[in-house]
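Colleague: My structure is stored as work-v2.txt, with compact mmCIF, C-alpha atoms.
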# COMPACT_ATOMS: atom_id res chain seq x y z
CA ALA N 26 3.66 -89.01 -6.60
CA ALA N 27 6.09 -87.59 -9.12
CA PHE N 28 6.62 -87.44 -12.84
CA GLY N 29 10.36 -87.62 -12.67
CA GLU N 30 13.35 -86.25 -10.92
CA HIS N 31 15.47 -83.21 -11.50
CA ARG N 32 18.57 -81.74 -9.94
CA ASP N 33 18.25 -78.38 -8.22
CA ASP N 34 21.18 -77.19 -6.12
CA GLY N 35 18.80 -75.13 -3.99
CA ALA N 36 16.41 -78.02 -3.44
CA THR N 37 18.68 -80.99 -2.68
CA GLY N 38 19.11 -82.33 0.79
CA SER N 39 22.42 -82.60 2.61
CA SER N 40 22.88 -86.09 1.16
CA GLY N 41 22.72 -84.68 -2.36
CA GLN N 42 19.65 -86.76 -3.23
CA LEU N 43 17.45 -85.59 -6.06
CA MET N 44 14.15 -83.96 -5.14
CA LEU N 45 10.98 -85.22 -6.83
CA GLU N 46 8.73 -82.81 -8.70
CA GLU N 47 5.30 -82.59 -7.06
CA VAL N 48 2.23 -83.26 -9.16
CA SER N 49 0.17 -80.17 -9.94
CA HIS N 50 -2.32 -79.18 -12.61
CA ASP N 51 0.41 -77.02 -14.17
CA THR N 52 2.77 -79.98 -14.50
CA LEU N 53 -0.04 -82.21 -15.74
CA GLU N 54 -0.86 -79.70 -18.47
CA PHE N 55 2.83 -79.29 -19.32
CA TRP N 56 3.42 -83.02 -19.65
CA SER N 57 0.17 -83.57 -21.52
CA ALA N 58 1.21 -81.01 -24.14
CA GLY N 59 4.67 -82.56 -24.34
CA LEU N 60 3.25 -86.04 -24.80
CA GLN N 61 1.11 -84.83 -27.68
CA MET N 62 4.22 -83.48 -29.39
CA VAL N 63 6.13 -86.74 -28.81
CA THR N 64 3.30 -88.96 -30.03
CA GLY N 65 2.86 -86.67 -33.02
CA ASP N 66 6.51 -87.23 -33.93
CA MET N 67 6.02 -90.98 -33.50
CA ALA N 68 3.08 -90.93 -35.88
CA ARG N 69 5.22 -89.29 -38.55
CA GLN N 70 8.08 -91.77 -38.00
CA TYR N 71 6.30 -95.04 -37.24
CA GLY N 72 2.67 -94.56 -38.27
CA SER N 73 -0.53 -93.73 -36.42
CA ARG N 74 -0.97 -97.22 -34.92
CA GLU N 75 2.07 -96.90 -32.66
CA ARG N 76 1.14 -93.34 -31.75
CA GLY N 77 -2.36 -94.36 -30.71
CA TRP N 78 -1.12 -97.15 -28.41
CA VAL N 79 1.45 -94.98 -26.66
CA ALA N 80 -0.88 -91.98 -26.37
CA ASP N 81 -3.62 -94.09 -24.76
CA MET N 82 -1.18 -95.61 -22.28
CA LEU N 83 0.24 -92.23 -21.28
CA ARG N 84 -3.19 -90.64 -20.99
CA ARG N 85 -4.31 -93.41 -18.63
CA TRP N 86 -1.21 -92.80 -16.54
CA LEU N 87 -1.96 -89.06 -16.36
CA GLU N 88 -5.53 -89.78 -15.28
CA VAL N 89 -4.34 -91.98 -12.41
CA GLU N 90 -1.86 -89.32 -11.27
CA LEU N 91 -4.59 -86.67 -11.29
CA GLU N 92 -7.02 -88.87 -9.36
CA ASP N 93 -4.35 -89.47 -6.70
CA GLN N 94 -3.71 -85.74 -6.42
CA GLN N 95 -7.37 -84.86 -6.07
CA SER N 96 -7.95 -87.61 -3.50
CA ALA N 97 -5.05 -86.32 -1.43
CA ALA N 98 -6.37 -82.75 -1.58
CA VAL N 99 -9.81 -83.86 -0.41
CA ALA N 100 -8.38 -86.01 2.39
CA GLU N 101 -6.32 -83.11 3.75
CA ALA N 102 -9.13 -80.56 3.48
CA VAL N 103 -10.45 -79.19 6.76
CA PRO N 104 -13.73 -77.23 6.86
CA PRO N 105 -12.94 -73.56 7.51
CA ASP N 106 -13.92 -71.59 10.57
CA VAL N 107 -16.83 -69.43 9.46
CA PRO N 108 -17.96 -66.24 11.24
CA ASP N 109 -21.56 -65.97 12.36
CA MET N 110 -23.92 -65.54 9.43
CA PRO N 111 -27.68 -64.97 9.25
CA ARG N 112 -29.42 -68.25 10.07
CA TRP N 113 -31.47 -68.12 6.86
CA LEU N 114 -28.32 -67.95 4.71
CA ASP N 115 -27.46 -71.66 5.01
CA GLU N 116 -31.00 -72.58 3.96
CA VAL N 117 -30.87 -70.30 0.91
CA ARG N 118 -27.55 -71.69 -0.30
CA ARG N 119 -28.39 -75.34 0.31
CA GLU N 120 -27.79 -77.22 -2.95
CA THR N 121 -30.96 -76.79 -5.04
CA VAL N 122 -31.69 -77.22 -8.74
CA LEU N 123 -33.94 -74.53 -10.22
CA ARG N 124 -35.29 -73.68 -13.69
CA PHE N 125 -35.42 -70.51 -15.78
CA ASP N 126 -37.34 -69.42 -18.88
CA VAL N 127 -35.04 -70.17 -21.84
CA GLU N 128 -37.14 -67.99 -24.14
CA LYS N 129 -36.80 -64.94 -21.90
CA TYR N 130 -33.14 -65.62 -21.08
CA PRO N 131 -31.72 -67.27 -24.27
CA PHE N 132 -28.23 -67.94 -22.96
CA ASP N 133 -27.66 -70.77 -25.45
CA LEU N 134 -28.15 -68.46 -28.43
CA ILE N 135 -26.02 -65.75 -26.85
CA PHE N 136 -23.19 -68.19 -26.15
CA ASN N 137 -23.43 -69.44 -29.72
CA ASP N 138 -22.71 -65.87 -30.80
CA MET N 139 -19.92 -65.33 -28.26
CA PHE N 140 -18.28 -68.67 -29.11
CA GLU N 141 -19.02 -68.32 -32.86
CA THR N 142 -20.64 -71.72 -33.27
CA SER N 143 -24.00 -73.38 -33.75
CA ASN N 144 -23.18 -76.38 -31.54
CA LEU N 145 -21.50 -75.63 -28.22
CA ALA N 146 -21.24 -79.29 -27.21
CA LYS N 147 -19.13 -80.12 -30.28
CA LEU N 148 -16.67 -77.23 -30.18
CA HIS N 149 -13.78 -79.71 -29.80
CA LEU N 150 -14.54 -81.06 -33.30
CA ALA N 151 -14.46 -77.66 -35.02
CA ASN N 152 -11.97 -76.93 -37.80
CA LEU N 153 -9.81 -74.14 -36.38
CA GLU N 154 -9.05 -71.19 -38.64
CA ASP N 155 -6.24 -68.64 -38.44
CA LEU N 156 -8.53 -65.99 -36.95
CA PRO N 157 -8.53 -66.46 -33.14
CA PRO N 158 -11.82 -66.89 -31.27
CA LEU N 159 -13.68 -63.78 -30.17
CA CYS N 160 -13.97 -65.14 -26.62
CA PRO N 161 -10.74 -65.52 -24.56
CA THR N 162 -12.32 -68.38 -22.59
CA LEU N 163 -12.60 -70.45 -25.76
CA LEU N 164 -9.02 -69.74 -26.77
CA ARG N 165 -7.74 -70.91 -23.39
CA SER N 166 -9.95 -73.98 -23.33
CA TYR N 167 -8.37 -75.27 -26.56
CA HIS N 168 -4.96 -74.83 -24.96
CA ALA N 169 -6.04 -76.55 -21.72
CA ALA N 170 -7.33 -79.52 -23.72
CA GLY N 171 -4.00 -79.86 -25.55
CA VAL N 172 -5.40 -78.84 -28.94
CA ARG N 173 -2.76 -77.41 -31.28
CA ARG N 174 -3.79 -73.83 -32.02
CA PRO N 175 -3.18 -72.13 -35.39
CA ARG N 176 -0.24 -69.75 -35.76
CA GLY N 177 -2.65 -66.87 -36.30
CA TRP N 178 -3.75 -67.13 -32.65
CA ARG N 179 -0.32 -66.29 -31.25
CA GLN N 180 -0.88 -62.55 -31.04
CA ALA N 181 -4.10 -63.03 -29.06
CA VAL N 182 -2.20 -65.34 -26.69
CA ARG N 183 0.61 -62.81 -26.22
CA ARG N 184 -1.76 -59.84 -25.81
CA GLN N 185 -4.38 -61.34 -23.51
CA ASP N 186 -5.41 -58.03 -21.93
CA ALA N 187 -6.20 -56.53 -25.33
CA HIS N 188 -8.08 -59.69 -26.30
CA VAL N 189 -10.24 -59.45 -23.15
CA ARG N 190 -10.95 -55.74 -23.75
CA ARG N 191 -11.98 -56.38 -27.36
CA PHE N 192 -14.28 -59.20 -26.27
CA ARG N 193 -15.93 -57.10 -23.55
CA GLN N 194 -16.64 -54.36 -26.04
CA SER N 195 -18.22 -56.75 -28.56
CA GLY N 196 -21.92 -56.84 -29.36
CA PRO N 197 -22.44 -60.49 -28.27
CA PHE N 198 -20.85 -59.89 -24.86
CA GLN N 199 -22.79 -56.66 -24.28
CA ARG N 200 -26.00 -58.53 -25.10
CA PHE N 201 -25.00 -61.25 -22.65
CA LEU N 202 -24.47 -58.67 -19.88
CA ALA N 203 -27.89 -57.12 -20.50
CA VAL N 204 -29.66 -60.49 -20.26
CA TYR N 205 -27.51 -61.50 -17.29
CA ARG N 206 -28.43 -58.37 -15.31
CA ALA N 207 -32.11 -59.00 -16.00
CA PHE N 208 -31.64 -62.65 -14.92
CA VAL N 209 -30.10 -61.59 -11.60
CA ASN N 210 -32.82 -59.02 -10.92
CA GLU N 211 -35.81 -61.12 -12.00
CA VAL N 212 -34.72 -64.68 -11.13
CA ILE N 213 -31.92 -64.63 -8.57
CA LEU N 214 -33.17 -61.84 -6.30
CA PRO N 215 -36.47 -63.68 -5.57
CA VAL N 216 -34.51 -66.90 -4.89
CA VAL N 217 -32.53 -65.19 -2.13
CA GLY N 218 -35.63 -63.40 -0.80
CA HIS N 219 -35.76 -62.15 2.82
CA GLY N 220 -36.11 -58.59 1.54
CA GLU N 221 -32.39 -58.51 0.85
CA GLU N 222 -30.51 -56.19 -1.45
CA LEU N 223 -27.73 -58.02 -3.26
CA LEU N 224 -24.22 -57.32 -4.40
CA PHE N 225 -23.59 -59.50 -7.45
CA GLN N 226 -20.55 -60.46 -9.50
CA CYS N 227 -20.35 -58.71 -12.85
CA PRO N 228 -19.21 -59.91 -15.25
CA PRO N 229 -19.82 -63.54 -14.31
CA THR N 230 -17.12 -66.13 -14.97
CA LEU N 231 -17.37 -67.97 -18.29
CA ARG N 232 -16.23 -71.60 -18.44
CA CYS N 233 -15.54 -74.06 -21.24
CA GLN N 234 -14.26 -77.56 -20.52
CA MET N 235 -13.43 -79.72 -23.52
CA PRO N 236 -12.86 -83.47 -23.52
CA SER N 237 -9.37 -83.88 -22.08
CA VAL N 238 -7.22 -85.82 -19.60
CA ILE N 239 -6.68 -82.59 -17.66
CA ALA N 240 -9.10 -81.24 -15.05
CA MET N 241 -9.75 -77.51 -14.67
CA GLY N 242 -8.52 -76.68 -11.18
CA SER N 243 -8.28 -78.73 -7.99
CA PRO N 244 -10.67 -79.31 -5.04
CA HIS N 245 -11.27 -76.03 -3.21
CA ARG N 246 -13.73 -73.84 -1.38
CA ASP N 247 -14.14 -70.24 -2.48
CA SER N 248 -13.40 -69.17 1.10
CA ASP N 249 -9.86 -70.55 0.58
CA PHE N 250 -9.16 -67.33 -1.36
CA ASP N 251 -8.95 -63.83 0.11
CA ALA N 252 -11.01 -62.29 -2.69
CA HIS N 253 -14.18 -64.07 -1.48
CA HIS N 254 -16.62 -63.14 1.28
CA GLY N 255 -17.93 -65.83 3.65
CA ALA N 256 -21.57 -64.93 2.95
CA GLU N 257 -21.36 -65.56 -0.79
CA ILE N 258 -24.08 -67.59 -2.47
CA ASN N 259 -22.94 -69.49 -5.57
CA PHE N 260 -24.98 -69.90 -8.74
CA TRP N 261 -23.86 -72.23 -11.53
CA VAL N 262 -25.61 -72.06 -14.91
CA PRO N 263 -24.70 -74.64 -17.59
CA VAL N 264 -25.47 -73.70 -21.18
CA THR N 265 -25.05 -77.31 -22.35
CA LYS N 266 -26.29 -80.57 -20.85
CA VAL N 267 -23.94 -81.60 -18.01
CA TRP N 268 -23.43 -84.99 -16.39
CA GLY N 269 -20.72 -87.25 -15.06
CA SER N 270 -17.17 -86.15 -15.74
CA ASN N 271 -18.03 -83.04 -17.76
CA SER N 272 -19.81 -81.43 -14.81
CA LEU N 273 -18.92 -79.83 -11.49
CA GLN N 274 -18.33 -82.25 -8.61
CA VAL N 275 -19.58 -80.95 -5.25
CA GLU N 276 -20.19 -82.04 -1.67
CA SER N 277 -23.72 -81.38 -0.39
CA GLU N 278 -22.66 -79.95 3.00
CA PRO N 279 -19.37 -78.59 4.35
CA GLY N 280 -17.06 -81.45 5.30
CA LYS N 281 -19.47 -84.21 4.24
CA GLN N 282 -17.33 -85.28 1.24
CA ASP N 283 -20.31 -86.94 -0.49
CA PHE N 284 -19.05 -85.76 -3.87
CA HIS N 285 -21.40 -86.06 -6.81
CA PRO N 286 -21.72 -84.47 -10.26
CA LEU N 287 -24.35 -81.81 -10.86
CA GLU N 288 -26.48 -83.35 -13.61
CA LEU N 289 -28.55 -80.71 -15.36
CA GLU N 290 -30.33 -80.03 -18.64
CA TYR N 291 -30.14 -76.69 -20.39
CA GLY N 292 -32.68 -74.42 -18.67
CA GLU N 293 -31.69 -75.62 -15.20
CA PHE N 294 -29.24 -74.01 -12.80
CA VAL N 295 -28.06 -74.73 -9.28
CA VAL N 296 -27.54 -72.70 -6.13
CA PHE N 297 -24.99 -74.10 -3.67
CA ASN N 298 -22.66 -73.17 -0.84
CA GLY N 299 -19.41 -72.91 -2.80
CA SER N 300 -17.97 -70.74 -0.05
CA GLN N 301 -17.76 -73.64 2.40
CA CYS N 302 -18.35 -76.80 0.32
CA LEU N 303 -15.48 -78.39 -1.59
CA HIS N 304 -15.99 -78.53 -5.34
CA TYR N 305 -13.83 -79.41 -8.33
CA THR N 306 -13.86 -80.74 -11.88
CA MET N 307 -12.64 -84.05 -13.26
CA PRO N 308 -10.98 -84.67 -16.62
CA ASN N 309 -13.84 -84.56 -19.12
CA SER N 310 -13.97 -88.12 -20.48
CA THR N 311 -17.24 -87.56 -22.35
CA ASP N 312 -17.50 -86.55 -25.99
CA SER N 313 -19.33 -83.35 -25.09
CA VAL N 314 -17.97 -79.89 -24.29
CA ARG N 315 -19.30 -78.30 -21.12
CA VAL N 316 -20.05 -74.58 -21.43
CA SER N 317 -21.29 -72.72 -18.37
CA PHE N 318 -21.12 -69.51 -16.41
CA ASP N 319 -21.10 -68.94 -12.68
CA PHE N 320 -21.35 -66.05 -10.30
CA ARG N 321 -21.72 -65.16 -6.66
CA VAL N 322 -24.05 -62.82 -4.80
CA ILE N 323 -23.70 -61.42 -1.29
CA PRO N 324 -26.59 -60.18 0.86
CA LYS N 325 -25.83 -56.51 1.42
CA SER N 326 -26.73 -56.81 5.12
CA ALA N 327 -23.83 -59.25 5.61
CA VAL N 328 -21.12 -57.15 4.00
CA GLY N 329 -20.30 -54.83 6.90
CA ASN N 330 -16.91 -53.14 6.45
CA TRP N 331 -15.65 -55.77 4.01
CA ARG N 332 -14.06 -54.53 0.80
CA HIS N 333 -13.46 -56.74 -2.19
CA SER N 334 -9.83 -57.63 -2.83
CA VAL N 335 -8.54 -58.69 -6.22
CA ASN N 336 -7.18 -62.21 -6.64
CA PRO N 337 -4.49 -61.89 -9.35
CA GLY N 338 -4.73 -65.60 -10.10
CA THR N 339 -8.18 -65.38 -11.64
CA THR N 340 -9.73 -63.73 -14.68
CA SER N 341 -13.25 -62.83 -15.66
CA GLU N 342 -13.29 -64.75 -18.92
Rewrite the structure from the file as structure tokens, please.
Modeller:
Amino acid sequence: AAFGEHRDDGATGSSGQLMLEEVSHDTLEFWSAGLQMVTGDMARQYGSRERGWVADMLRRWLEVELEDQQSAAVAEAVPPDVPDMPRWLDEVRRETVLRFDVEKYPFDLIFNDMFETSNLAKLHLANLEDLPPLCPTLLRSYHAAGVRRPRGWRQAVRRQDAHVRRFRQSGPFQRFLAVYRAFVNEVILPVVGHGEELLFQCPPTLRCQMPSVIAMGSPHRDSDFDAHHGAEINFWVPVTKVWGSNSLQVESEPGKQDFHPLELEYGEFVVFNGSQCLHYTMPNSTDSVRVSFDFRVIPKSAVGNWRHSVNPGTTSE
């Protein structure tokens, strides 16, 4: 599938034919942002009625293109060769929904502070002010959803490293880390069991997916990336209710392709084999923002001589 054609002297065949631009999440986001600008101009020139009709038509087209891309990625996916792991590991990381004490680990209140809101699920309806968000994840999620950001946010966008450092030094984030470490020690360690010591990801990855025609990422296994160890156990903790298209889509076993959304209430979390099972997100067609965090742990006995490598394509927030 392609959005259009472009001439590139280095990419044309001997016949001089034009090469088609492959669909990717980058091009989807680029075109989605462009379409918003075009339909905005139409609204000013012709009125909101024409803008609404064209915008809906183009958004439906984008959704079909994205579905085709994700289907192709899943169809081509081949389960990876996995080195021998402890037999108990597959049982521990079998997809399981668990609960935690929301009074002892008040992640919803902490995320309210980090995201500067009282209603995480309705962040997409907030009136945006010139002062950029404290949390870099929130700033990027507005961009990914195609929301026009105020001019005052431009410096935070240009100086992302400084923005991340400021966030990590903030009181709300430091409180989050303290509760997170207690959560890993008191909740996650007993889940893994087997007398294992654990290496755990810190900080965890923060996520925010707003209603949008664009998905966050494509179908993948964590083992597709060099920065991940084959013995990782994935934990996914939503801080808002998740269901349908605003949740993570996973297969229950490697190669089974029985994709389904993780449907959880706040206070529930899931352990799953993200190292070997394909997982992805869909465009969030609900009217609810999904806020979550995820992390991985590795049994220390399985590490051996492995050393963590940095994947430059990812960030912590």
Colleague: Under the rule that only C-alpha atoms are counted, which of N:Arg191, N:Arg165, N:Arg112, N:Arg119 is the nearest residue to Ser277 in chain N?
Modeller: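 Using only C-alpha atoms, the shortest distance to Ser277 in chain N belongs to N:Arg119.
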Colleague: Would you mind telling me which residue in N:Val267, N:Met235, N:Ala181, N:Cys302 lies nearest to Pro158 in chain N when using all atoms listed in the file?
Modeller: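 Result for the nearest residue to Pro158 in chain N: N:Ala181.
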Colleague: One number please: CA of Asp251 in chain N to CA of Glu120 in chain N, in Å, one decimal.
Modeller: 23.3 Å
Colleague: Find the spatial neighbours of range 128-139 of chain N, counting only C-alpha atoms, within a cut-off of 8 Å - ignore same-chain residues fewer than 2 positions away - and output them as a ChimeraX atom specification.
Modeller: /N:125-126,141-145,159-160,197-198,200-201,204-205,208,264-265
Colleague: So which one's closest to Asn271 in chain N, N:Trp113, N:Tyr305, N:Tyr167, N:Phe284? Using all atoms listed in the file, please.
Modeller: N:Tyr305
Colleague: Can you tell me, as a list in words, what residues are no more than 7 Å from Gly299 in chain N when counting only C-alpha atoms, ignoring any on the same chain fewer than 4 positions away?
Modeller: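 After dropping sequence-adjacent residues, the list is Arg246, Asp247, Asn259 and Leu303 of chain N.
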Colleague: Env of Pro111 in chain N: 10 Å cut, atoms = only C-alpha atoms, seq-sep filter 4 positions within chain, self excluded. Answer as a ChimeraX atom specification.
Modeller: /N:115-116,256,324,326-327
Colleague: What is the distance, in Å and to one decimal place, between CA of Cys227 in chain N and CA of His245 in chain N?
Modeller: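 CA of His245 in chain N lies 21.8 Å from CA of Cys227 in chain N.
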Colleague: From (-16.2, -72.0, -25.1), in the file's coordinates, out to 7 Å: which residues are reached, counting only C-alpha atoms? Answer as JSON, numbers by chain.
Modeller: {"N": [140, 162, 163, 166, 232, 233, 316]}
Colleague: Could you write out the selected residues, including C-alpha atoms, as a PDB file, in the coordinates of the input?
Modeller:
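Contents of selection04.pdb, as written:
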ATOM      1  CA  PHE N 140     -18.280 -68.670 -29.110  1.00  0.00           C
ATOM      2  CA  THR N 162     -12.320 -68.380 -22.590  1.00  0.00           C
ATOM      3  CA  LEU N 163     -12.600 -70.450 -25.760  1.00  0.00           C
ATOM      4  CA  SER N 166      -9.950 -73.980 -23.330  1.00  0.00           C
ATOM      5  CA  ARG N 232     -16.230 -71.600 -18.440  1.00  0.00           C
ATOM      6  CA  CYS N 233     -15.540 -74.060 -21.240  1.00  0.00           C
ATOM      7  CA  VAL N 316     -20.050 -74.580 -21.430  1.00  0.00           C
TER       8      VAL N 316
END
